[in-house]
>>> print(open('my_file_7.txt').read())   # compact mmCIF, C-alpha atoms (C1' of nucleotides)
# COMPACT_ATOMS: atom_id res chain seq x y z
CA MET A 115 97.76 83.28 139.26
CA SER A 116 98.93 79.97 137.91
CA ALA A 117 99.42 79.35 134.22
CA LEU A 118 96.48 76.95 134.23
CA ASP A 119 94.22 79.47 135.92
CA LYS A 120 95.12 81.95 133.19
CA LEU A 121 94.01 79.43 130.61
CA PHE A 122 90.75 78.79 132.44
CA SER A 123 89.90 82.44 132.77
CA TYR A 124 90.87 82.97 129.13
CA PHE A 125 88.01 80.64 128.26
CA ASP A 126 85.62 82.70 130.38
CA ASP A 127 85.52 85.12 127.46
CA TYR A 128 84.11 82.31 125.31
CA VAL A 129 81.95 79.45 126.57
CA ALA A 130 83.43 78.97 130.04
CA LEU A 131 84.73 75.58 131.08
CA ASP A 132 83.08 73.58 133.83
CA ARG A 133 84.79 71.67 136.63
CA LYS A 134 85.10 68.44 134.69
CA GLU A 135 86.54 70.08 131.60
CA LYS A 136 89.08 71.94 133.70
CA ASP A 137 90.13 68.70 135.37
CA GLU A 138 90.52 66.95 132.04
CA LEU A 139 92.50 69.84 130.65
CA SER A 140 94.78 69.92 133.70
CA GLN A 141 95.60 66.29 133.15
CA ARG A 142 96.24 66.55 129.46
CA VAL A 143 98.25 69.73 129.05
CA LYS A 144 101.90 70.33 129.70
CA VAL A 145 103.18 73.56 131.24
CA ARG A 146 106.63 74.60 130.01
CA LYS A 147 109.07 77.36 130.85
CA ILE A 148 110.75 78.78 127.76
CA LYS A 149 113.87 80.91 127.69
CA ARG A 150 114.39 83.98 125.58
CA ARG A 151 115.52 82.95 122.08
CA GLN A 152 114.37 79.39 122.61
CA PHE A 153 112.44 77.81 119.74
CA ILE A 154 109.24 75.88 120.19
CA LEU A 155 109.09 75.17 116.46
CA GLN A 156 111.75 75.11 113.75
CA GLU A 157 111.63 74.56 110.01
CA ASN A 158 111.10 70.90 109.09
CA ASP A 159 109.65 70.10 112.52
CA LEU A 160 106.10 68.91 112.74
CA CYS A 161 103.95 71.34 114.68
CA ARG A 162 102.48 68.95 117.26
CA HIS A 163 100.94 71.39 119.75
CA TYR A 164 98.70 74.30 120.28
CA SER A 165 100.58 76.54 122.70
CA PHE A 166 98.74 78.91 124.99
CA ILE A 167 100.93 81.73 126.26
CA ALA A 168 100.56 82.40 129.98
CA GLU A 169 103.57 84.74 130.14
CA GLY A 170 106.02 86.18 127.65
CA CYS A 171 106.01 86.81 123.96
CA PHE A 172 106.77 84.89 120.76
CA LYS A 173 107.28 85.54 117.10
CA MET A 174 106.43 83.16 114.28
CA TYR A 175 108.40 83.72 111.08
CA GLY A 176 109.59 82.27 107.81
CA ILE A 177 113.06 82.54 106.30
CA ASP A 178 113.37 83.37 102.61
CA LYS A 179 115.95 82.08 100.14
CA SER A 180 118.29 84.96 100.91
CA GLY A 181 118.20 84.10 104.61
CA LYS A 182 116.00 86.95 105.82
CA GLU A 183 113.37 86.48 108.50
CA HIS A 184 109.79 87.63 107.91
CA ASN A 185 107.52 87.86 110.93
CA LEU A 186 104.14 86.35 110.29
CA GLN A 187 102.78 87.06 113.73
CA PHE A 188 103.53 87.95 117.31
CA ALA A 189 101.75 86.33 120.23
CA ALA A 190 101.79 87.35 123.88
CA GLU A 191 99.85 86.55 127.07
CA ASN A 192 96.40 85.03 126.58
CA ASP A 193 96.99 84.11 123.01
CA TRP A 194 97.63 80.89 121.13
CA ILE A 195 100.47 80.13 118.81
CA ALA A 196 100.91 77.25 116.37
CA ASP A 197 101.59 76.62 112.72
CA LEU A 198 98.07 75.53 111.86
CA GLY A 199 99.10 74.36 108.41
CA SER A 200 101.65 71.89 109.73
CA PHE A 201 99.46 70.96 112.69
CA HIS A 202 96.56 69.89 110.51
CA SER A 203 98.38 68.44 107.53
CA GLU A 204 101.03 66.78 109.71
CA LYS A 205 103.61 67.92 107.20
CA PRO A 206 106.94 69.58 108.12
CA SER A 207 106.61 73.24 108.96
CA LYS A 208 108.31 75.99 107.00
CA LEU A 209 108.11 78.29 109.99
CA TYR A 210 109.89 79.08 113.23
CA ILE A 211 108.36 80.01 116.57
CA GLU A 212 110.82 81.69 118.91
CA ALA A 213 110.50 83.32 122.34
CA LEU A 214 111.27 87.04 122.36
CA GLU A 215 111.06 87.04 126.16
CA PRO A 216 111.24 84.36 128.85
CA ALA A 217 107.88 82.66 128.71
CA VAL A 218 105.51 80.16 130.27
CA ILE A 219 103.30 78.22 127.90
CA ILE A 220 100.67 75.52 128.12
CA GLN A 221 100.86 72.94 125.37
CA LEU A 222 98.08 70.77 124.11
CA GLU A 223 98.84 67.87 121.79
CA LYS A 224 96.76 67.11 118.75
CA LYS A 225 95.36 63.84 120.10
CA ASP A 226 94.23 65.64 123.25
CA LEU A 227 92.73 68.52 121.33
CA ILE A 228 90.79 65.97 119.30
CA PHE A 229 89.71 64.31 122.52
CA PHE A 230 88.15 67.58 123.61
CA TYR A 231 86.58 68.23 120.22
CA VAL A 232 84.97 64.79 120.30
CA ASN A 233 83.86 64.72 123.93
CA TYR A 234 83.10 68.37 124.61
CA PRO A 235 81.55 70.16 121.61
CA LYS A 236 82.17 73.37 123.50
CA PHE A 237 85.75 73.15 122.24
CA ASP A 238 84.64 73.16 118.64
CA ARG A 239 82.59 76.22 119.44
CA ASN A 240 85.34 78.02 121.31
CA PHE A 241 88.05 77.36 118.80
CA ARG A 242 85.73 78.25 115.98
CA VAL A 243 85.16 81.66 117.52
CA ILE A 244 88.83 82.10 118.38
CA ILE A 245 89.96 81.35 114.87
CA GLU A 246 87.20 83.48 113.35
CA ASN A 247 88.51 86.43 115.30
CA LYS A 248 92.04 85.70 114.16
CA PHE A 249 90.81 85.48 110.60
CA ILE A 250 89.15 88.89 110.82
CA GLU A 251 92.35 90.34 112.24
CA ILE A 252 94.63 88.91 109.58
CA GLN A 253 92.24 89.91 106.82
CA THR A 254 92.53 93.51 107.99
CA ARG A 255 96.27 93.13 107.78
CA VAL A 256 96.08 91.85 104.20
CA LEU A 257 93.96 94.81 103.19
CA GLN A 258 96.54 97.14 104.69
CA ASN A 259 99.39 95.30 103.00
CA ILE A 260 97.87 95.71 99.56
CA SER A 261 96.46 99.22 99.99
CA SER A 262 98.72 101.26 102.30
CA THR A 263 102.21 102.68 102.42
CA ALA A 264 104.73 101.42 104.96
CA GLU A 265 104.15 104.52 107.08
CA GLU A 266 100.41 103.96 107.22
CA ARG A 267 100.95 100.31 108.11
CA TYR A 268 103.32 101.30 110.89
CA LEU A 269 100.87 103.79 112.38
CA ALA A 270 98.09 101.22 112.18
CA PHE A 271 100.31 98.72 113.98
CA LEU A 272 101.03 101.18 116.80
CA GLU A 273 97.33 101.82 117.17
CA GLN A 274 96.25 98.20 117.02
CA TYR A 275 98.99 96.76 119.23
CA PRO A 276 100.13 99.57 121.54
CA THR A 277 101.45 97.20 124.20
CA LEU A 278 103.34 95.00 121.78
CA SER A 279 104.88 97.96 120.01
CA ASN A 280 106.48 99.12 123.27
CA ARG A 281 107.74 95.67 124.02
CA LEU A 282 109.30 94.90 120.66
CA PRO A 283 112.47 96.24 119.05
CA GLY A 284 111.91 98.11 115.80
CA THR A 285 113.70 95.42 113.84
CA GLN A 286 110.97 92.94 114.74
CA ILE A 287 108.19 95.35 113.87
CA ALA A 288 109.87 96.14 110.54
CA SER A 289 109.99 92.45 109.72
CA TYR A 290 106.28 92.15 110.54
CA LEU A 291 105.39 95.13 108.37
CA GLY A 292 107.46 93.89 105.45
CA VAL A 293 110.05 96.69 105.40
CA THR A 294 113.73 96.87 106.25
CA PRO A 295 114.79 98.12 109.70
CA GLU A 296 116.62 101.00 108.02
CA PHE A 297 113.49 102.13 106.31
CA LEU A 298 111.42 101.87 109.50
CA SER A 299 113.98 104.13 111.13
CA LYS A 300 113.38 106.70 108.39
CA ILE A 301 109.63 106.37 108.82
CA ARG A 302 109.98 107.08 112.54
CA LYS A 303 112.08 110.11 111.81
CA ASP A 304 109.48 111.44 109.38
CA ILE A 305 106.69 110.90 111.90
CA ALA A 306 108.67 112.62 114.65
CA SER A 307 109.28 115.68 112.47
CA LYS A 308 105.52 116.37 112.30
CA MET B 1410 72.56 69.44 90.17
CA SER B 1411 70.56 71.93 92.20
CA ALA B 1412 72.19 74.69 94.19
CA LEU B 1413 71.10 73.01 97.40
CA ASP B 1414 72.55 69.68 96.35
CA LYS B 1415 75.85 71.44 95.74
CA LEU B 1416 75.76 72.74 99.27
CA PHE B 1417 74.97 69.31 100.67
CA SER B 1418 77.76 67.62 98.78
CA TYR B 1419 80.10 70.43 99.78
CA PHE B 1420 79.56 69.33 103.38
CA ASP B 1421 80.45 65.75 102.45
CA ASP B 1422 84.08 66.88 102.57
CA TYR B 1423 83.56 67.77 106.24
CA VAL B 1424 81.15 66.03 108.60
CA ALA B 1425 78.34 65.16 106.20
CA LEU B 1426 74.81 66.31 106.93
CA ASP B 1427 72.06 63.85 107.71
CA ARG B 1428 68.49 63.91 106.39
CA LYS B 1429 67.13 66.06 109.18
CA GLU B 1430 69.89 68.64 108.91
CA LYS B 1431 69.40 68.86 105.17
CA ASP B 1432 65.69 69.41 105.63
CA GLU B 1433 66.26 72.13 108.18
CA LEU B 1434 68.80 73.80 105.96
CA SER B 1435 66.48 73.67 102.96
CA GLN B 1436 63.84 75.46 104.96
CA ARG B 1437 66.10 78.13 106.32
CA VAL B 1438 68.26 79.17 103.42
CA LYS B 1439 67.43 81.40 100.51
CA VAL B 1440 68.65 80.69 96.99
CA ARG B 1441 69.33 83.80 94.93
CA LYS B 1442 70.33 84.52 91.36
CA ILE B 1443 72.84 87.33 91.09
CA LYS B 1444 73.73 89.26 87.96
CA ARG B 1445 77.21 90.21 86.87
CA ARG B 1446 78.25 93.45 88.65
CA GLN B 1447 75.50 93.07 91.22
CA PHE B 1448 76.48 93.73 94.84
CA ILE B 1449 75.53 91.46 97.70
CA LEU B 1450 77.29 93.79 100.17
CA GLN B 1451 78.20 97.46 100.01
CA GLU B 1452 80.06 99.79 102.35
CA ASN B 1453 77.95 100.77 105.37
CA ASP B 1454 75.65 97.79 104.95
CA LEU B 1455 75.50 95.23 107.69
CA CYS B 1456 76.69 91.85 106.50
CA ARG B 1457 73.71 89.71 107.48
CA HIS B 1458 74.45 86.49 105.63
CA TYR B 1459 76.90 83.78 104.94
CA SER B 1460 76.68 83.22 101.20
CA PHE B 1461 77.56 79.87 99.68
CA ILE B 1462 78.40 80.10 96.00
CA ALA B 1463 76.77 77.43 93.87
CA GLU B 1464 77.72 79.06 90.56
CA GLY B 1465 79.69 82.10 89.53
CA CYS B 1466 82.41 84.17 91.07
CA PHE B 1467 82.68 87.14 93.43
CA LYS B 1468 85.24 89.61 94.63
CA MET B 1469 85.33 91.24 98.05
CA TYR B 1470 87.19 94.54 98.20
CA GLY B 1471 87.77 97.77 100.07
CA ILE B 1472 88.00 101.26 98.60
CA ASP B 1473 90.79 103.56 99.81
CA LYS B 1474 90.64 107.30 100.34
CA SER B 1475 91.79 107.95 96.77
CA GLY B 1476 88.92 105.82 95.44
CA LYS B 1477 90.90 102.77 94.39
CA GLU B 1478 89.59 99.25 94.87
CA HIS B 1479 91.72 96.63 96.62
CA ASN B 1480 90.64 93.01 96.29
CA LEU B 1481 90.72 91.18 99.57
CA GLN B 1482 89.52 87.89 98.15
CA PHE B 1483 87.86 86.07 95.33
CA ALA B 1484 85.33 83.32 95.85
CA ALA B 1485 83.90 80.90 93.32
CA GLU B 1486 81.85 77.68 93.31
CA ASN B 1487 81.83 75.71 96.54
CA ASP B 1488 83.15 78.53 98.62
CA TRP B 1489 81.66 80.91 101.16
CA ILE B 1490 81.78 84.65 101.12
CA ALA B 1491 80.94 87.14 103.86
CA ASP B 1492 82.48 90.03 105.74
CA LEU B 1493 83.03 88.11 108.96
CA GLY B 1494 83.96 91.27 110.86
CA SER B 1495 80.66 92.96 110.13
CA PHE B 1496 78.71 89.73 110.45
CA HIS B 1497 79.93 89.10 113.99
CA SER B 1498 80.17 92.62 115.33
CA GLU B 1499 76.94 93.70 113.60
CA LYS B 1500 78.68 96.91 112.66
CA PRO B 1501 78.57 98.51 109.19
CA SER B 1502 80.93 96.91 106.73
CA LYS B 1503 83.78 98.75 105.06
CA LEU B 1504 83.78 96.24 102.23
CA TYR B 1505 82.00 95.44 98.98
CA ILE B 1506 81.08 92.03 97.60
CA GLU B 1507 80.34 92.10 93.89
CA ALA B 1508 79.61 89.39 91.32
CA LEU B 1509 82.24 89.10 88.59
CA GLU B 1510 80.01 86.63 86.73
CA PRO B 1511 76.31 85.75 86.85
CA ALA B 1512 75.92 83.68 89.99
CA VAL B 1513 73.68 81.53 92.10
CA ILE B 1514 74.17 81.73 95.84
CA ILE B 1515 72.62 80.23 98.93
CA GLN B 1516 72.27 82.64 101.80
CA LEU B 1517 72.06 81.79 105.47
CA GLU B 1518 71.07 84.45 107.97
CA LYS B 1519 72.83 84.90 111.26
CA LYS B 1520 69.89 83.77 113.38
CA ASP B 1521 69.64 80.59 111.33
CA LEU B 1522 73.34 79.94 111.48
CA ILE B 1523 73.11 80.28 115.25
CA PHE B 1524 70.17 77.90 115.22
CA PHE B 1525 72.38 75.30 113.61
CA TYR B 1526 75.29 76.00 115.94
CA VAL B 1527 73.05 75.52 118.94
CA ASN B 1528 71.09 72.51 117.75
CA TYR B 1529 73.63 70.67 115.63
CA PRO B 1530 77.16 70.89 117.06
CA LYS B 1531 78.33 69.47 113.76
CA PHE B 1532 78.04 72.99 112.38
CA ASP B 1533 80.48 74.34 114.94
CA ARG B 1534 82.84 71.58 113.89
CA ASN B 1535 82.41 72.10 110.18
CA PHE B 1536 82.73 75.85 110.26
CA ARG B 1537 85.69 75.59 112.59
CA VAL B 1538 87.49 73.43 110.05
CA ILE B 1539 86.40 75.60 107.13
CA ILE B 1540 87.67 78.77 108.75
CA GLU B 1541 90.88 77.09 109.89
CA ASN B 1542 91.64 76.23 106.29
CA LYS B 1543 90.88 79.77 105.23
CA PHE B 1544 93.15 81.05 107.95
CA ILE B 1545 96.02 78.86 106.75
CA GLU B 1546 95.49 80.11 103.22
CA ILE B 1547 95.43 83.78 104.11
CA GLN B 1548 98.45 83.40 106.35
CA THR B 1549 100.42 82.08 103.39
CA ARG B 1550 99.33 85.15 101.49
CA VAL B 1551 100.55 87.47 104.24
CA LEU B 1552 103.93 85.77 104.24
CA GLN B 1553 104.16 86.30 100.50
CA ASN B 1554 103.07 89.91 100.78
CA ILE B 1555 105.82 90.74 103.23
CA SER B 1556 108.57 88.61 101.72
CA SER B 1557 108.19 88.46 97.92
CA THR B 1558 108.33 90.73 94.90
CA ALA B 1559 105.23 91.36 92.82
CA GLU B 1560 106.47 88.89 90.19
CA GLU B 1561 106.88 86.11 92.74
CA ARG B 1562 103.44 86.83 94.17
CA TYR B 1563 101.92 86.69 90.70
CA LEU B 1564 103.53 83.36 89.88
CA ALA B 1565 102.39 81.97 93.23
CA PHE B 1566 98.86 83.14 92.48
CA LEU B 1567 98.85 81.39 89.10
CA GLU B 1568 100.02 78.21 90.74
CA GLN B 1569 97.63 78.33 93.67
CA TYR B 1570 94.53 79.39 91.75
CA PRO B 1571 95.00 78.19 88.16
CA THR B 1572 91.28 78.14 87.43
CA LEU B 1573 90.59 81.55 88.87
CA SER B 1574 93.52 83.11 87.06
CA ASN B 1575 92.07 82.08 83.71
CA ARG B 1576 88.68 83.37 84.65
CA LEU B 1577 89.70 86.78 85.92
CA PRO B 1578 90.90 89.85 84.03
CA GLY B 1579 94.41 90.97 84.92
CA THR B 1580 93.12 94.16 86.50
CA GLN B 1581 91.36 92.12 89.16
CA ILE B 1582 94.41 89.99 89.83
CA ALA B 1583 96.60 93.09 90.05
CA SER B 1584 94.25 94.54 92.64
CA TYR B 1585 94.46 91.31 94.63
CA LEU B 1586 98.25 91.25 94.49
CA GLY B 1587 98.53 94.89 95.48
CA VAL B 1588 100.04 96.23 92.26
CA THR B 1589 98.78 98.46 89.47
CA PRO B 1590 97.39 96.86 86.31
CA GLU B 1591 100.14 98.57 84.31
CA PHE B 1592 102.82 96.98 86.40
CA LEU B 1593 101.20 93.55 86.16
CA SER B 1594 101.27 93.94 82.41
CA LYS B 1595 105.03 94.55 82.61
CA ILE B 1596 105.46 91.53 84.86
CA ARG B 1597 103.66 89.38 82.31
CA LYS B 1598 105.87 90.70 79.57
CA ASP B 1599 109.00 89.88 81.58
CA ILE B 1600 107.75 86.38 82.32
CA ALA B 1601 106.88 85.80 78.65
CA SER B 1602 110.38 86.84 77.54
CA LYS B 1603 111.94 83.95 79.50
C1' DC C 442 79.22 98.74 64.47
C1' DG C 443 80.14 101.36 68.48
C1' DT C 444 81.04 101.36 73.34
C1' DC C 445 83.15 99.94 77.30
C1' DT C 446 86.77 97.67 79.50
C1' DA C 447 91.21 95.50 79.52
C1' DT C 448 95.92 95.58 78.09
C1' DT C 449 100.19 97.50 76.60
C1' DT C 450 103.86 101.02 76.19
C1' DG C 451 106.85 104.75 77.65
C1' DA C 452 108.67 108.57 80.35
C1' DA C 453 109.03 110.67 84.69
C1' DT C 454 108.53 110.09 89.62
C1' DG C 455 108.28 108.13 94.12
C1' DT C 456 108.76 104.53 97.46
C1' DA C 457 111.50 101.28 99.52
C1' DC C 458 115.88 98.47 99.41
C1' DT C 459 121.01 97.56 99.62
C1' DC C 460 125.26 98.24 101.49
C1' DA C 461 128.42 100.37 104.46
C1' DA C 462 129.41 102.68 108.42
C1' DA C 463 128.77 105.12 112.67
C1' DA C 464 126.46 105.98 116.91
C1' DG C 465 123.57 104.49 120.89
C1' DC C 466 122.31 101.36 124.54
C1' DG C 467 121.96 97.78 127.78
C1' DG C 468 123.86 94.06 130.08
C1' DT C 469 127.76 91.39 131.86
C1' DG C 470 132.20 90.20 133.57
C1' DG C 471 136.49 91.55 135.23
C1' DC D 1148 132.81 100.97 138.10
C1' DC D 1149 134.42 100.67 133.74
C1' DA D 1150 135.22 98.28 129.44
C1' DC D 1151 133.54 95.57 126.23
C1' DC D 1152 130.13 92.97 123.61
C1' DG D 1153 126.05 92.20 121.10
C1' DC D 1154 122.23 94.20 119.30
C1' DT D 1155 119.46 98.15 117.78
C1' DT D 1156 119.02 102.40 115.59
C1' DT D 1157 120.43 106.01 112.60
C1' DT D 1158 122.45 108.15 108.38
C1' DG D 1159 123.70 108.57 103.58
C1' DA D 1160 124.57 107.42 98.80
C1' DG D 1161 123.32 104.69 95.09
C1' DT D 1162 119.97 101.41 93.10
C1' DA D 1163 115.83 98.69 92.23
C1' DC D 1164 111.08 98.07 92.35
C1' DA D 1165 106.67 99.87 91.56
C1' DT D 1166 103.53 103.96 90.60
C1' DT D 1167 101.55 107.78 87.99
C1' DC D 1168 99.89 109.74 84.00
C1' DA D 1169 98.95 109.80 79.24
C1' DA D 1170 98.03 107.61 75.16
C1' DA D 1171 97.62 103.94 71.88
C1' DT D 1172 95.91 99.24 70.97
C1' DA D 1173 93.21 95.32 71.50
C1' DG D 1174 89.09 92.58 72.92
C1' DA D 1175 84.40 91.59 74.35
C1' DC D 1176 79.65 92.42 74.25
C1' DG D 1177 75.25 94.18 73.05
>>> encode(input="my_file_7.txt", output="structure tokens")
Amino acid sequence: MSALDKLFSYFDDYVALDRKEKDELSQRVKVRKIKRRQFILQENDLCRHYSFIAEGCFKMYGIDKSGKEHNLQFAAENDWIADLGSFHSEKPSKLYIEALEPAVIIQLEKKDLIFFYVNYPKFDRNFRVIIENKFIEIQTRVLQNISSTAEERYLAFLEQYPTLSNRLPGTQIASYLGVTPEFLSKIRKDIASK
Amino acid sequence: MSALDKLFSYFDDYVALDRKEKDELSQRVKVRKIKRRQFILQENDLCRHYSFIAEGCFKMYGIDKSGKEHNLQFAAENDWIADLGSFHSEKPSKLYIEALEPAVIIQLEKKDLIFFYVNYPKFDRNFRVIIENKFIEIQTRVLQNISSTAEERYLAFLEQYPTLSNRLPGTQIASYLGVTPEFLSKIRKDIASK
DNA sequence: CGTCTATTTGAATGTACTCAAAAGCGGTGG
DNA sequence: CCACCGCTTTTGAGTACATTCAAATAGACG
């Protein structure tokens, strides 16, 4: 299945695209192969694209004043990744997006996205629903961050993202949960001894 | 300025509504007065409405197994509040929405919201942009939660929501930041002694 | 004025971090 | 096939950040 076909069938879960929309999309997107550890966004870049992931896995993170990385989100097959803040404001990003595995992505530039919003209202609908679902997801995460211990957050992560949690090294999960890798190791030990 | 007029001029910051859309909205929404401490959503309720706040201020929170409240968000004038998860899935909510001040809200039921989505694509557009901005905001909060100390988070809150932080008791802010009120008091003391 | 809630303070405790070091585990090249 | 390299994971001791519980104080509202 080609990368583009993956994108088309992704939209089948929303309001499916018709022939014409698929043709337009094909002409306006750019398919890219990305190597492990390659960045598709770095601090001070403008985020110019929505990237749909056909294969592989990315992390988006910020770096604090002491130089530590903090994972804001992971994204794998059939998901989008972008720094929405930079994308909309057209201001330099404070974030990094880096491939954790070799990947194939489909990139859509802002002007093209706007083209679809203007000409095919279906895109407003679809991206509204997509972002609503992402909002619900991240809100759950916030609630966990402010109300649970690191161990509870880790167990919730395993449950919510079983596939990802097998694919990712503990260091990356620790960074997502907001704990040190050493402490995650201790959490795992505690869990195992039950 | 009437509650409805506030809603109309709120939309002027997005794609403004025309006469017909305003008329339709007027007919389909319900304006309600809400008392301080009154709930517009409680655990196990279905969240059936989007509520636009014309006056007053609300908190949305979850209660953990030990009975403690954890504030997921505040919302004041010219903002929306709803449990999107429950609203979309039509499953019982795990959250509470409670007025912190006497309030006036405008409620829109799901079937009416869908009516607008279907008949006026502008609503897809507007709510897409609204939720995108909320997503950007909450993502910033997540990054702070996983990367900053309580003191840093508190200072960031003061900066980002100066009006709210004057309006809210410290206990509520503490709950939002994910710390105990006692500890917030110590943070304030530390900040004052600088 | 009394009641209810918010805020402050302090002591003891618990949760998570820092730093340093060792052990494990792939992959890669010689 | 083995040796080495880079990265991940584990372990432990000491420390810092944040909580709990209890109690006193201060404010706000009817």
>>> residues_around(input="my_file_7.txt", residues="DA1169 of chain D", least_positions_apart="5", cutoff="12 Å", atoms="all atoms listed in the file", output="NGL selection string")
:C and (450-453)
>>> atom_distance(input="my_file_7.txt", atom1="atom CA of Ser299 of chain A", atom2="atom CA of Cys171 of chain A")
23.0 Å
>>> closest_atom_pairs(input="my_file_7.txt", of="chain B", to="chain C", cutoff="12 Å", atoms="all atoms listed in the file", output="tab-separated table")
residue	atom	partner	partner_atom	distance
B:Thr1558	CA	C:DC458	C1'	11.7
B:Leu1577	CA	C:DA447	C1'	10.9
B:Pro1578	CA	C:DA447	C1'	7.2
B:Gly1579	CA	C:DA447	C1'	7.7
B:Thr1580	CA	C:DA447	C1'	7.4
B:Gln1581	CA	C:DA447	C1'	10.2
B:Pro1590	CA	C:DT448	C1'	8.4
B:Glu1591	CA	C:DT449	C1'	7.8
B:Phe1592	CA	C:DT449	C1'	10.2
B:Leu1593	CA	C:DT448	C1'	9.9
B:Ser1594	CA	C:DT449	C1'	6.9
B:Lys1595	CA	C:DT449	C1'	8.3
B:Ile1596	CA	C:DT449	C1'	11.5
B:Arg1597	CA	C:DT449	C1'	10.5
B:Lys1598	CA	C:DT449	C1'	9.3
>>> atom_distance(input="my_file_7.txt", atom1="atom CA of Met1469 of chain B", atom2="atom CA of Glu1568 of chain B")
21.0 Å
>>> closest_atom_pairs(input="my_file_7.txt", of="chain B", to="chain A", cutoff="7 Å", atoms="only C-alpha atoms", output="tab-separated table")
residue	atom	partner	partner_atom	distance
B:His1479	CA	A:Ser261	CA	6.4
B:Leu1481	CA	A:Leu257	CA	6.1
B:Leu1493	CA	A:Ile250	CA	6.4
B:Gly1494	CA	A:Ile250	CA	5.7
B:Pro1530	CA	A:Pro235	CA	6.4
B:Asp1533	CA	A:Arg239	CA	5.3
B:Arg1534	CA	A:Asp238	CA	5.3
B:Phe1536	CA	A:Arg242	CA	6.9
B:Arg1537	CA	A:Arg242	CA	4.3
B:Ile1540	CA	A:Glu246	CA	6.6
B:Glu1541	CA	A:Ile245	CA	6.6
B:Phe1544	CA	A:Phe249	CA	5.7
B:Ile1545	CA	A:Gly199	CA	5.7
B:Val1551	CA	A:Val256	CA	6.3
B:Leu1552	CA	A:Leu186	CA	6.1
B:Asn1554	CA	A:Asn259	CA	6.9
B:Ile1555	CA	A:Gly292	CA	4.2
B:Ser1556	CA	A:His184	CA	6.4
B:Leu1586	CA	A:Ile260	CA	6.8
B:Gly1587	CA	A:Ile260	CA	4.2
>>> axis_aligned_box(input="my_file_7.txt", around="segment 1158-1174 of chain D", padding_each_side="8 Å", output="lines of an AutoDock Vina configuration file")
center_x = 106.8
center_y = 101.2
center_z = 89.7
size_x = 51.5
size_y = 33.2
size_z = 53.4
>>> interface_residues(input="my_file_7.txt", of="chain D", to="chain B", cutoff="12 Å", atoms="all atoms listed in the file", output="PyMOL selection string")
chain D and resi 1163-1168+1174-1175
>>> atom_distance(input="my_file_7.txt", atom1="atom CA of Leu1413 of chain B", atom2="atom CA of Asp1432 of chain B")
10.5 Å
>>> residues_near_point(input="my_file_7.txt", point="(81.0, 69.3, 103.4)", cutoff="12 Å", atoms="all atoms listed in the file", output="PDB file with C-alpha atoms, in the frame of the given file")
ATOM      1  CA  ASP B1414      72.550  69.680  96.350  1.00  0.00           C
ATOM      2  CA  LYS B1415      75.850  71.440  95.740  1.00  0.00           C
ATOM      3  CA  LEU B1416      75.760  72.740  99.270  1.00  0.00           C
ATOM      4  CA  PHE B1417      74.970  69.310 100.670  1.00  0.00           C
ATOM      5  CA  SER B1418      77.760  67.620  98.780  1.00  0.00           C
ATOM      6  CA  TYR B1419      80.100  70.430  99.780  1.00  0.00           C
ATOM      7  CA  PHE B1420      79.560  69.330 103.380  1.00  0.00           C
ATOM      8  CA  ASP B1421      80.450  65.750 102.450  1.00  0.00           C
ATOM      9  CA  ASP B1422      84.080  66.880 102.570  1.00  0.00           C
ATOM     10  CA  TYR B1423      83.560  67.770 106.240  1.00  0.00           C
ATOM     11  CA  VAL B1424      81.150  66.030 108.600  1.00  0.00           C
ATOM     12  CA  ALA B1425      78.340  65.160 106.200  1.00  0.00           C
ATOM     13  CA  LEU B1426      74.810  66.310 106.930  1.00  0.00           C
ATOM     14  CA  ASP B1427      72.060  63.850 107.710  1.00  0.00           C
ATOM     15  CA  LYS B1431      69.400  68.860 105.170  1.00  0.00           C
ATOM     16  CA  PHE B1461      77.560  79.870  99.680  1.00  0.00           C
ATOM     17  CA  ASN B1487      81.830  75.710  96.540  1.00  0.00           C
ATOM     18  CA  ASP B1488      83.150  78.530  98.620  1.00  0.00           C
ATOM     19  CA  TRP B1489      81.660  80.910 101.160  1.00  0.00           C
ATOM     20  CA  LYS B1531      78.330  69.470 113.760  1.00  0.00           C
ATOM     21  CA  PHE B1532      78.040  72.990 112.380  1.00  0.00           C
ATOM     22  CA  ARG B1534      82.840  71.580 113.890  1.00  0.00           C
ATOM     23  CA  ASN B1535      82.410  72.100 110.180  1.00  0.00           C
ATOM     24  CA  PHE B1536      82.730  75.850 110.260  1.00  0.00           C
ATOM     25  CA  VAL B1538      87.490  73.430 110.050  1.00  0.00           C
ATOM     26  CA  ILE B1539      86.400  75.600 107.130  1.00  0.00           C
TER      27      ILE B1539
END
>>> decode(input="my_file_7.txt", residues="segment 1538-1542 of chain B", atoms="N, CA and C atoms", output="short mmCIF file (atom, residue, chain, number, x, y, z; two decimals), in the first residue's frame")
data_model
loop_
_atom_site.label_atom_id
_atom_site.label_comp_id
_atom_site.auth_asym_id
_atom_site.auth_seq_id
_atom_site.Cartn_x
_atom_site.Cartn_y
_atom_site.Cartn_z
N VAL B 1538 -10.87 26.28 14.26
CA VAL B 1538 -9.86 27.25 14.69
C VAL B 1538 -9.89 27.43 16.21
N ILE B 1539 -11.09 27.47 16.77
CA ILE B 1539 -11.22 27.61 18.22
C ILE B 1539 -10.53 26.46 18.93
N ILE B 1540 -10.80 25.26 18.47
CA ILE B 1540 -10.23 24.10 19.17
C ILE B 1540 -8.73 23.99 18.91
N GLU B 1541 -8.30 24.40 17.73
CA GLU B 1541 -6.85 24.42 17.47
C GLU B 1541 -6.14 25.32 18.46
N ASN B 1542 -6.71 26.48 18.72
CA ASN B 1542 -6.08 27.39 19.67
C ASN B 1542 -6.08 26.82 21.08
#
